[in-house]
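Here's the structure, in structure tokens; my notes come after.
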Amino acid sequence: MRYFTSVSDLGDLSEALRLAKEIKADRFKYDTLGRHKTLMMVFFNSSLRTRLSTQKAALNLGMNVIVLDVNAGAWKLETERGVIMDGDKPEHLLEAIPVMGCYCDIIGVRSFAGLTSREYDYGEVVLNNFIKYSGRPVFSMEAATGHPLQGFADIITIEEHKTKPRPKVVMSWAPHPRALPQAVPNSFAQWSLAAGYDLVITHPHGYELDERFTKGATIEYDREKAFEGADFVYAKNWSAYAGDNYGAILSKDRSWTVDSRTMALTNDAYFMHCLPVRRNMIVTDDVIESPRSLVIPETANREISATVVLKKMLESL
């Protein structure tokens with residue numbers, strides 16, 4: 001596997017889940033696979049779980065790790081072609097990328113959506129430039145349109161806790177004070193559908209996601225109806241995708257906060273969220289602190305998803 005940007009890159013999902021279970025039972029089973037190999041993790045945006053879990057995964061495999069925070073430890077980088085570089089960005093991404101490739105064997109990239117141009121964001125300009133110019137295998141540590149490491153960890157978590165072959169999984173929009181990208185909900189929908197779950201997506205009108213990620217899911221605008229009989233509830237905010245509203249906040253309706261009343265409509269569902277979470281905006285304290293909350297096991301599985309991905313990439317070198 002040379003590139004990892006979506007579930008389709010992983011190959012057979014059942015086999016990947018089997019490997020995840022094997023690695024979770026013995027995280028150091030393949031600790032010589034990455035000997036004398038170096039992972040470079042490039043961050044254009046902040047990170048807690050992604051940085052820690054991916055670095056830990058690389059160490060599990062015996063790799064060396066270089067972490068580059070572009071905004072704090074490097075020259076500011078220009079990303080656009082045709083720009084006269086007479087401002088505060090002394091280096092262009094197109095020179096910086098092959099330079100990074102000189103010092104490592106695999107590159108992980110984290111670059112969020114700017115939410116000003118849908119064409120630019122959904123063209124995945126930064127990630128695709130790394131794939132094109134680095135000369136190295138590249139994987140996404142969250143890009144403009146997807147977060148595949150999170151999506152994989154979410155599916156590992158559901159597989160560990162489901163009690164039926166095809167659970168009902170509800171992804172619910174929830175309010176947030178800032179405009180957020182669609183990357184996590186896009187990936188959660190894509191991975192849930194690939195896993196064969198009964199996926200229901202509920203949100204106010206105007207928050208429809210790109211059908212490339214959601215085709216096959218049920219879209220339900222009545223949140224209480226969506227929650228009925230759910231086995232898992234995944235809460236997440238995202239900004240508008242469609243038309244001239246791209247990147248906009250259309251609602252901050254607090255009635256969409258996941259609380260004990262709405263969770264009582266479910267089949268004693270587990271609660272999930274990728275973190276960080278705005279308490280009492282996205283979810284109330286009592287729900288996230290309940291015994292049915294999976295936010296910490298979900299986070300722990302980020303190490304497992306990253307280990308599986310890096311193992312498959314190391315095997316392709």
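All residue names refer to the structure tokens as shown: chains lettered A, B, ... in order, residues numbered from 1 in each chain, ligands numbered from 1 in order.
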
Subject >> 10 Å contact set for Leu193 (chain A), only C-alpha atoms, chain neighbours under 4 positions out, as a VMD selection string >> reply: chain A and resid 169 187 to 189 197 to 199 213 to 217

Subject >> Residue neighbourhood region 45-60 of chain A, 8 Å, only C-alpha atoms, exclusion window fewer than 2 positions, as a PyMOL selection string >> reply: chain A and resi 27-28+30-31+34+39+41+43+62-65+69+71+110-112+141+299-300+302-304+306-307+310

Generate a file of the selected residues that holds N, CA, C and O atoms, formatted as an mmCIF file, in the first residue's frame.
```
data_model
loop_
_atom_site.group_PDB
_atom_site.id
_atom_site.type_symbol
_atom_site.label_atom_id
_atom_site.label_comp_id
_atom_site.auth_asym_id
_atom_site.auth_seq_id
_atom_site.Cartn_x
_atom_site.Cartn_y
_atom_site.Cartn_z
ATOM 1 N N ARG A 27 0.975 -5.471 20.360
ATOM 2 C CA ARG A 27 1.313 -4.260 19.613
ATOM 3 C C ARG A 27 2.728 -4.267 19.054
ATOM 4 O O ARG A 27 3.048 -3.499 18.156
ATOM 5 N N PHE A 28 3.593 -5.127 19.609
ATOM 6 C CA PHE A 28 5.003 -5.141 19.185
ATOM 7 C C PHE A 28 5.351 -6.392 18.372
ATOM 8 O O PHE A 28 6.517 -6.718 18.201
ATOM 9 N N TYR A 30 5.321 -6.831 15.274
ATOM 10 C CA TYR A 30 6.072 -6.506 14.051
ATOM 11 C C TYR A 30 7.105 -5.406 14.319
ATOM 12 O O TYR A 30 7.350 -4.539 13.482
ATOM 13 N N ASP A 31 7.734 -5.445 15.495
ATOM 14 C CA ASP A 31 8.593 -4.334 15.910
ATOM 15 C C ASP A 31 9.933 -4.257 15.179
ATOM 16 O O ASP A 31 10.704 -3.321 15.394
ATOM 17 N N GLY A 34 9.994 -1.952 10.869
ATOM 18 C CA GLY A 34 10.395 -0.590 10.525
ATOM 19 C C GLY A 34 11.832 -0.246 10.879
ATOM 20 O O GLY A 34 12.207 0.932 10.881
ATOM 21 N N LEU A 39 9.706 7.637 9.617
ATOM 22 C CA LEU A 39 8.428 8.289 9.332
ATOM 23 C C LEU A 39 8.583 9.782 9.564
ATOM 24 O O LEU A 39 9.078 10.191 10.616
ATOM 25 N N MET A 41 6.229 13.050 10.002
ATOM 26 C CA MET A 41 4.865 13.514 10.224
ATOM 27 C C MET A 41 4.850 15.026 10.048
ATOM 28 O O MET A 41 5.503 15.752 10.789
ATOM 29 N N PHE A 43 2.738 18.486 9.982
ATOM 30 C CA PHE A 43 1.510 19.084 10.507
ATOM 31 C C PHE A 43 1.369 20.526 10.042
ATOM 32 O O PHE A 43 2.192 21.382 10.383
ATOM 33 N N GLY A 62 9.078 -0.165 15.242
ATOM 34 C CA GLY A 62 10.525 0.000 15.222
ATOM 35 C C GLY A 62 11.029 1.129 14.357
ATOM 36 O O GLY A 62 12.230 1.195 14.044
ATOM 37 N N MET A 63 10.162 2.047 13.978
ATOM 38 C CA MET A 63 10.564 3.151 13.100
ATOM 39 C C MET A 63 11.180 4.309 13.870
ATOM 40 O O MET A 63 10.900 4.509 15.069
ATOM 41 N N ASN A 64 12.005 5.088 13.190
ATOM 42 C CA ASN A 64 12.399 6.409 13.662
ATOM 43 C C ASN A 64 11.306 7.392 13.249
ATOM 44 O O ASN A 64 10.613 7.188 12.247
ATOM 45 N N VAL A 65 11.149 8.479 14.005
ATOM 46 C CA VAL A 65 10.079 9.437 13.722
ATOM 47 C C VAL A 65 10.627 10.862 13.739
ATOM 48 O O VAL A 65 11.336 11.258 14.667
ATOM 49 N N ASP A 69 6.268 20.549 12.544
ATOM 50 C CA ASP A 69 5.144 21.474 12.663
ATOM 51 C C ASP A 69 5.445 22.653 11.758
ATOM 52 O O ASP A 69 6.282 23.504 12.082
ATOM 53 N N ASN A 71 3.944 25.308 11.022
ATOM 54 C CA ASN A 71 3.625 26.658 11.506
ATOM 55 C C ASN A 71 4.513 27.123 12.653
ATOM 56 O O ASN A 71 4.509 28.299 12.995
ATOM 57 N N ARG A 110 -0.968 16.225 7.627
ATOM 58 C CA ARG A 110 -2.213 16.728 8.229
ATOM 59 C C ARG A 110 -2.438 18.156 7.723
ATOM 60 O O ARG A 110 -1.647 19.057 8.015
ATOM 61 N N SER A 111 -3.499 18.341 6.940
ATOM 62 C CA SER A 111 -3.786 19.654 6.360
ATOM 63 C C SER A 111 -5.289 19.826 6.226
ATOM 64 O O SER A 111 -5.923 19.176 5.394
ATOM 65 N N PHE A 112 -5.859 20.696 7.039
ATOM 66 C CA PHE A 112 -7.308 20.869 7.092
ATOM 67 C C PHE A 112 -7.843 21.667 5.899
ATOM 68 O O PHE A 112 -7.100 22.358 5.207
ATOM 69 N N MET A 141 -3.177 12.153 7.607
ATOM 70 C CA MET A 141 -3.416 12.252 9.050
ATOM 71 C C MET A 141 -4.567 13.236 9.328
ATOM 72 O O MET A 141 -4.679 13.782 10.413
ATOM 73 N N THR A 299 -10.506 6.609 21.000
ATOM 74 C CA THR A 299 -9.212 7.289 20.886
ATOM 75 C C THR A 299 -8.066 6.289 20.970
ATOM 76 O O THR A 299 -7.091 6.382 20.213
ATOM 77 N N ALA A 300 -8.151 5.338 21.886
ATOM 78 C CA ALA A 300 -7.090 4.339 22.025
ATOM 79 C C ALA A 300 -6.906 3.541 20.746
ATOM 80 O O ALA A 300 -5.782 3.157 20.389
ATOM 81 N N ARG A 302 -6.997 4.624 17.848
ATOM 82 C CA ARG A 302 -6.238 5.370 16.847
ATOM 83 C C ARG A 302 -4.818 4.804 16.712
ATOM 84 O O ARG A 302 -4.244 4.791 15.622
ATOM 85 N N GLU A 303 -4.236 4.353 17.808
ATOM 86 C CA GLU A 303 -2.919 3.706 17.739
ATOM 87 C C GLU A 303 -2.981 2.448 16.893
ATOM 88 O O GLU A 303 -2.063 2.160 16.103
ATOM 89 N N ILE A 304 -4.069 1.699 17.039
ATOM 90 C CA ILE A 304 -4.204 0.435 16.319
ATOM 91 C C ILE A 304 -4.405 0.686 14.827
ATOM 92 O O ILE A 304 -3.766 0.033 13.983
ATOM 93 N N ALA A 306 -3.481 3.246 13.076
ATOM 94 C CA ALA A 306 -2.236 3.755 12.497
ATOM 95 C C ALA A 306 -1.193 2.658 12.360
ATOM 96 O O ALA A 306 -0.419 2.636 11.384
ATOM 97 N N THR A 307 -1.149 1.739 13.314
ATOM 98 C CA THR A 307 -0.182 0.643 13.234
ATOM 99 C C THR A 307 -0.479 -0.250 12.035
ATOM 100 O O THR A 307 0.439 -0.665 11.307
ATOM 101 N N LEU A 310 0.562 1.726 8.812
ATOM 102 C CA LEU A 310 2.019 1.809 8.647
ATOM 103 C C LEU A 310 2.622 0.439 8.336
ATOM 104 O O LEU A 310 3.557 0.347 7.545
#
```

From the DSSP assignment of the backbone, select every residue of region 125-270 of chain A that is alpha helix (DSSP H), and format the answer as an mmCIF file with N, CA and C atoms, in the first residue's frame.
```
data_model
loop_
_atom_site.group_PDB
_atom_site.id
_atom_site.type_symbol
_atom_site.label_atom_id
_atom_site.label_comp_id
_atom_site.auth_asym_id
_atom_site.auth_seq_id
_atom_site.Cartn_x
_atom_site.Cartn_y
_atom_site.Cartn_z
ATOM 1 N N VAL A 125 -5.488 19.740 -2.536
ATOM 2 C CA VAL A 125 -4.284 20.268 -3.182
ATOM 3 C C VAL A 125 -3.020 19.928 -2.400
ATOM 4 N N VAL A 126 -3.013 20.162 -1.102
ATOM 5 C CA VAL A 126 -1.791 19.933 -0.319
ATOM 6 C C VAL A 126 -1.453 18.446 -0.278
ATOM 7 N N LEU A 127 -2.405 17.616 0.071
ATOM 8 C CA LEU A 127 -2.156 16.173 0.158
ATOM 9 C C LEU A 127 -1.712 15.615 -1.191
ATOM 10 N N ASN A 128 -2.381 16.011 -2.258
ATOM 11 C CA ASN A 128 -2.038 15.480 -3.575
ATOM 12 C C ASN A 128 -0.679 15.961 -4.059
ATOM 13 N N ASN A 129 -0.261 17.144 -3.630
ATOM 14 C CA ASN A 129 1.094 17.594 -3.973
ATOM 15 C C ASN A 129 2.149 16.728 -3.290
ATOM 16 N N PHE A 130 1.887 16.313 -2.052
ATOM 17 C CA PHE A 130 2.821 15.398 -1.378
ATOM 18 C C PHE A 130 2.877 14.065 -2.122
ATOM 19 N N ILE A 131 1.723 13.567 -2.520
ATOM 20 C CA ILE A 131 1.686 12.302 -3.249
ATOM 21 C C ILE A 131 2.450 12.425 -4.571
ATOM 22 N N LYS A 132 2.307 13.559 -5.243
ATOM 23 C CA LYS A 132 2.904 13.743 -6.567
ATOM 24 C C LYS A 132 4.396 14.021 -6.518
ATOM 25 N N TYR A 133 4.853 14.798 -5.514
ATOM 26 C CA TYR A 133 6.216 15.330 -5.573
ATOM 27 C C TYR A 133 7.181 14.800 -4.520
ATOM 28 N N PRO A 148 -9.107 9.385 7.353
ATOM 29 C CA PRO A 148 -9.232 7.921 7.282
ATOM 30 C C PRO A 148 -8.703 7.178 8.492
ATOM 31 N N LEU A 149 -7.678 7.684 9.173
ATOM 32 C CA LEU A 149 -7.205 7.012 10.386
ATOM 33 C C LEU A 149 -8.275 7.025 11.465
ATOM 34 N N GLN A 150 -9.020 8.131 11.551
ATOM 35 C CA GLN A 150 -10.115 8.209 12.515
ATOM 36 C C GLN A 150 -11.252 7.282 12.098
ATOM 37 N N GLY A 151 -11.590 7.301 10.798
ATOM 38 C CA GLY A 151 -12.655 6.428 10.317
ATOM 39 C C GLY A 151 -12.364 4.967 10.588
ATOM 40 N N PHE A 152 -11.122 4.559 10.371
ATOM 41 C CA PHE A 152 -10.727 3.170 10.625
ATOM 42 C C PHE A 152 -10.836 2.851 12.114
ATOM 43 N N ALA A 153 -10.351 3.751 12.974
ATOM 44 C CA ALA A 153 -10.445 3.535 14.420
ATOM 45 C C ALA A 153 -11.899 3.448 14.880
ATOM 46 N N ASP A 154 -12.766 4.257 14.276
ATOM 47 C CA ASP A 154 -14.184 4.214 14.626
ATOM 48 C C ASP A 154 -14.783 2.850 14.310
ATOM 49 N N ILE A 155 -14.421 2.290 13.151
ATOM 50 C CA ILE A 155 -14.965 0.992 12.762
ATOM 51 C C ILE A 155 -14.405 -0.124 13.658
ATOM 52 N N ILE A 156 -13.124 -0.053 13.995
ATOM 53 C CA ILE A 156 -12.550 -1.018 14.941
ATOM 54 C C ILE A 156 -13.352 -1.004 16.241
ATOM 55 N N THR A 157 -13.683 0.197 16.711
ATOM 56 C CA THR A 157 -14.406 0.355 17.976
ATOM 57 C C THR A 157 -15.810 -0.234 17.887
ATOM 58 N N ILE A 158 -16.508 0.049 16.811
ATOM 59 C CA ILE A 158 -17.853 -0.510 16.650
ATOM 60 C C ILE A 158 -17.803 -2.026 16.570
ATOM 61 N N GLU A 159 -16.820 -2.552 15.836
ATOM 62 C CA GLU A 159 -16.697 -4.010 15.712
ATOM 63 C C GLU A 159 -16.471 -4.672 17.077
ATOM 64 N N GLU A 160 -15.757 -3.983 17.956
ATOM 65 C CA GLU A 160 -15.486 -4.528 19.292
ATOM 66 C C GLU A 160 -16.715 -4.527 20.190
ATOM 67 N N HIS A 161 -17.691 -3.668 19.900
ATOM 68 C CA HIS A 161 -18.817 -3.488 20.819
ATOM 69 C C HIS A 161 -20.171 -3.875 20.230
ATOM 70 N N ALA A 183 -14.493 16.730 7.034
ATOM 71 C CA ALA A 183 -13.581 15.594 6.900
ATOM 72 C C ALA A 183 -13.989 14.391 7.759
ATOM 73 N N VAL A 184 -14.200 14.601 9.041
ATOM 74 C CA VAL A 184 -14.534 13.480 9.931
ATOM 75 C C VAL A 184 -15.885 12.866 9.579
ATOM 76 N N PRO A 185 -16.956 13.653 9.411
ATOM 77 C CA PRO A 185 -18.218 13.019 9.021
ATOM 78 C C PRO A 185 -18.156 12.327 7.659
ATOM 79 N N ASN A 186 -17.407 12.901 6.713
ATOM 80 C CA ASN A 186 -17.244 12.227 5.422
ATOM 81 C C ASN A 186 -16.640 10.838 5.617
ATOM 82 N N SER A 187 -15.570 10.771 6.390
ATOM 83 C CA SER A 187 -14.894 9.489 6.593
ATOM 84 C C SER A 187 -15.744 8.526 7.404
ATOM 85 N N PHE A 188 -16.411 9.032 8.447
ATOM 86 C CA PHE A 188 -17.244 8.119 9.244
ATOM 87 C C PHE A 188 -18.330 7.497 8.379
ATOM 88 N N ALA A 189 -18.954 8.303 7.529
ATOM 89 C CA ALA A 189 -19.985 7.768 6.643
ATOM 90 C C ALA A 189 -19.390 6.751 5.679
ATOM 91 N N GLN A 190 -18.275 7.093 5.068
ATOM 92 C CA GLN A 190 -17.651 6.210 4.086
ATOM 93 C C GLN A 190 -17.249 4.872 4.700
ATOM 94 N N TRP A 191 -16.615 4.901 5.864
ATOM 95 C CA TRP A 191 -16.159 3.664 6.507
ATOM 96 C C TRP A 191 -17.328 2.844 7.040
ATOM 97 N N SER A 192 -18.355 3.508 7.581
ATOM 98 C CA SER A 192 -19.523 2.784 8.100
ATOM 99 C C SER A 192 -20.241 2.048 6.979
ATOM 100 N N LEU A 193 -20.368 2.689 5.828
ATOM 101 C CA LEU A 193 -21.020 2.054 4.692
ATOM 102 C C LEU A 193 -20.176 0.900 4.160
ATOM 103 N N ALA A 194 -18.857 1.079 4.133
ATOM 104 C CA ALA A 194 -17.968 0.003 3.681
ATOM 105 C C ALA A 194 -18.060 -1.204 4.611
ATOM 106 N N GLU A 211 -22.404 13.466 -1.654
ATOM 107 C CA GLU A 211 -22.959 12.134 -1.868
ATOM 108 C C GLU A 211 -21.897 11.087 -2.188
ATOM 109 N N ARG A 212 -20.713 11.512 -2.596
ATOM 110 C CA ARG A 212 -19.632 10.544 -2.821
ATOM 111 C C ARG A 212 -19.291 9.796 -1.538
ATOM 112 N N PHE A 213 -19.560 10.415 -0.399
ATOM 113 C CA PHE A 213 -19.261 9.788 0.885
ATOM 114 C C PHE A 213 -20.492 9.149 1.527
ATOM 115 N N THR A 214 -21.684 9.608 1.196
ATOM 116 C CA THR A 214 -22.882 9.203 1.933
ATOM 117 C C THR A 214 -23.836 8.319 1.139
ATOM 118 N N ARG A 223 -34.590 14.246 13.914
ATOM 119 C CA ARG A 223 -33.549 13.624 14.732
ATOM 120 C C ARG A 223 -34.111 12.560 15.669
ATOM 121 N N GLU A 224 -35.259 12.805 16.266
ATOM 122 C CA GLU A 224 -35.821 11.821 17.191
ATOM 123 C C GLU A 224 -36.163 10.521 16.460
ATOM 124 N N LYS A 225 -36.679 10.619 15.257
ATOM 125 C CA LYS A 225 -36.952 9.430 14.463
ATOM 126 C C LYS A 225 -35.653 8.701 14.136
ATOM 127 N N ALA A 226 -34.602 9.464 13.816
ATOM 128 C CA ALA A 226 -33.308 8.859 13.487
ATOM 129 C C ALA A 226 -32.747 8.074 14.666
ATOM 130 N N PHE A 227 -32.913 8.608 15.883
ATOM 131 C CA PHE A 227 -32.327 7.986 17.067
ATOM 132 C C PHE A 227 -33.047 6.713 17.496
ATOM 133 N N SER A 260 -29.367 13.088 27.432
ATOM 134 C CA SER A 260 -29.913 11.824 27.928
ATOM 135 C C SER A 260 -31.322 11.566 27.394
ATOM 136 N N ARG A 261 -32.068 12.620 27.128
ATOM 137 C CA ARG A 261 -33.426 12.445 26.604
ATOM 138 C C ARG A 261 -33.387 11.803 25.216
ATOM 139 N N THR A 262 -32.515 12.297 24.352
ATOM 140 C CA THR A 262 -32.453 11.729 23.010
ATOM 141 C C THR A 262 -31.785 10.351 23.019
ATOM 142 N N MET A 263 -30.810 10.154 23.890
ATOM 143 C CA MET A 263 -30.179 8.839 23.980
ATOM 144 C C MET A 263 -31.174 7.789 24.492
#
```

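Proximity to Ala242 (chain A) was assessed for A:Arg166, A:Lys29, A:His203, A:Arg118 counting only C-alpha atoms; the smallest distance is recorded for A:Arg118.
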
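The shell of residues at most 8 Å from Ser6 (chain A), with only C-alpha atoms counted and near chain neighbours (fewer than 2 positions) removed, consists of Phe4, Ser8, Asp9, Leu10, Gly146, His147, Pro148 and Ser187 of chain A.
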
Subject >> Separation of CA of Leu180 (chain A) from CA of Val309 (chain A) in Å >> reply: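 Result for CA of Val309 (chain A) versus CA of Leu180 (chain A): 25.9 Å, one decimal.
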
Original post:
Just asking: which residues within region 77-294 of chain A are strand (DSSP E or B) according to DSSP, as a ChimeraX atom specification?
Top reply: /A:77-78,91-92,106-110,138-140,168-173,198-202,218-220,232-236,258,270-272,279,283,293

Subject >> Minimum-distance residue to Thr32 (chain A), chosen among A:Val200, A:Ile66, A:Leu61, A:Leu317 (using only C-alpha atoms) >> reply: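 Among A:Val200, A:Ile66, A:Leu61, A:Leu317, it is A:Leu61 that comes nearest to Thr32 (chain A).
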
Original post:
Of the candidates A:Cys104, A:Val308, A:Met171, A:Cys274, which shows the shortest atom-to-atom distance to His36 (chain A), using only C-alpha atoms?
Top reply: A:Cys104

Subject >> Nearest residue to Ala240 (chain A) from the set A:Thr257, A:Val109, A:Asp285, A:Trp173 (distances using only C-alpha atoms) >> reply: A:Trp173

**OP:** Enter the distance from CA of Tyr103 (chain A) to CA of Lys89 (chain A), in Å, rounded to one decimal.
**Re:** 22.4 Å

**OP:** Identify, on the basis of only C-alpha atoms, every residue whose closest approach to Met281 (chain A) does not exceed 7 Å; exclude the query and any residue fewer than 4 positions from it along the same chain; express the result as a list in words.
**Re:**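 So the residues in contact are Pro175, His176, Arg254 and Thr257 of chain A.
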
Original post:
Contacts of Ile249 (chain A) at 9 Å or less, counting only C-alpha atoms, minus same-chain residues fewer than 2 places along, as number ranges by chain?
Top reply: A: 176-180, 238-240, 245-247, 251-252

Would you save the residues from that selection as a PDB file, in the first residue's frame, using N, CA, C and O atoms?
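File written: part-v4.pdb
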```pdb
ATOM      1  N   HIS A 176     -21.991  23.860  17.161  1.00  0.00           N
ATOM      2  CA  HIS A 176     -20.611  24.204  17.483  1.00  0.00           C
ATOM      3  C   HIS A 176     -20.443  25.695  17.233  1.00  0.00           C
ATOM      4  O   HIS A 176     -21.062  26.256  16.316  1.00  0.00           O
ATOM      5  N   PRO A 177     -19.609  26.387  18.029  1.00  0.00           N
ATOM      6  CA  PRO A 177     -19.465  27.830  17.840  1.00  0.00           C
ATOM      7  C   PRO A 177     -18.637  28.229  16.624  1.00  0.00           C
ATOM      8  O   PRO A 177     -18.668  29.395  16.215  1.00  0.00           O
ATOM      9  N   ARG A 178     -17.896  27.283  16.030  1.00  0.00           N
ATOM     10  CA  ARG A 178     -17.039  27.596  14.895  1.00  0.00           C
ATOM     11  C   ARG A 178     -17.408  26.730  13.698  1.00  0.00           C
ATOM     12  O   ARG A 178     -17.959  25.653  13.854  1.00  0.00           O
ATOM     13  N   ALA A 179     -17.042  27.211  12.519  1.00  0.00           N
ATOM     14  CA  ALA A 179     -17.244  26.431  11.299  1.00  0.00           C
ATOM     15  C   ALA A 179     -16.188  25.338  11.224  1.00  0.00           C
ATOM     16  O   ALA A 179     -14.994  25.623  11.256  1.00  0.00           O
ATOM     17  N   LEU A 180     -16.624  24.099  11.121  1.00  0.00           N
ATOM     18  CA  LEU A 180     -15.713  22.954  11.064  1.00  0.00           C
ATOM     19  C   LEU A 180     -15.797  22.273   9.703  1.00  0.00           C
ATOM     20  O   LEU A 180     -16.840  22.282   9.054  1.00  0.00           O
ATOM     21  N   TRP A 238     -20.389  19.793  11.584  1.00  0.00           N
ATOM     22  CA  TRP A 238     -19.705  20.158  10.336  1.00  0.00           C
ATOM     23  C   TRP A 238     -20.405  21.376   9.746  1.00  0.00           C
ATOM     24  O   TRP A 238     -21.557  21.658  10.034  1.00  0.00           O
ATOM     25  N   SER A 239     -19.664  22.122   8.948  1.00  0.00           N
ATOM     26  CA  SER A 239     -20.220  23.287   8.276  1.00  0.00           C
ATOM     27  C   SER A 239     -20.904  22.852   6.982  1.00  0.00           C
ATOM     28  O   SER A 239     -20.789  21.700   6.556  1.00  0.00           O
ATOM     29  N   ALA A 240     -21.587  23.786   6.351  1.00  0.00           N
ATOM     30  CA  ALA A 240     -22.332  23.475   5.138  1.00  0.00           C
ATOM     31  C   ALA A 240     -21.389  23.107   3.994  1.00  0.00           C
ATOM     32  O   ALA A 240     -20.300  23.672   3.855  1.00  0.00           O
ATOM     33  N   ASN A 245     -23.156  28.275   0.190  1.00  0.00           N
ATOM     34  CA  ASN A 245     -23.039  28.224   1.649  1.00  0.00           C
ATOM     35  C   ASN A 245     -21.823  27.437   2.118  1.00  0.00           C
ATOM     36  O   ASN A 245     -21.655  27.220   3.318  1.00  0.00           O
ATOM     37  N   TYR A 246     -20.971  27.001   1.197  1.00  0.00           N
ATOM     38  CA  TYR A 246     -19.835  26.168   1.586  1.00  0.00           C
ATOM     39  C   TYR A 246     -19.036  26.811   2.721  1.00  0.00           C
ATOM     40  O   TYR A 246     -18.640  27.977   2.650  1.00  0.00           O
ATOM     41  N   GLY A 247     -18.829  26.032   3.790  1.00  0.00           N
ATOM     42  CA  GLY A 247     -18.048  26.498   4.928  1.00  0.00           C
ATOM     43  C   GLY A 247     -18.819  27.352   5.912  1.00  0.00           C
ATOM     44  O   GLY A 247     -18.261  27.808   6.915  1.00  0.00           O
ATOM     45  N   SER A 251     -26.658  27.034  11.420  1.00  0.00           N
ATOM     46  CA  SER A 251     -27.458  26.871  12.633  1.00  0.00           C
ATOM     47  C   SER A 251     -26.546  26.634  13.833  1.00  0.00           C
ATOM     48  O   SER A 251     -25.478  26.032  13.692  1.00  0.00           O
ATOM     49  N   LYS A 252     -26.989  27.125  14.975  1.00  0.00           N
ATOM     50  CA  LYS A 252     -26.377  26.773  16.259  1.00  0.00           C
ATOM     51  C   LYS A 252     -27.465  26.267  17.209  1.00  0.00           C
ATOM     52  O   LYS A 252     -27.368  26.429  18.426  1.00  0.00           O
TER      53      LYS A 252
END
```
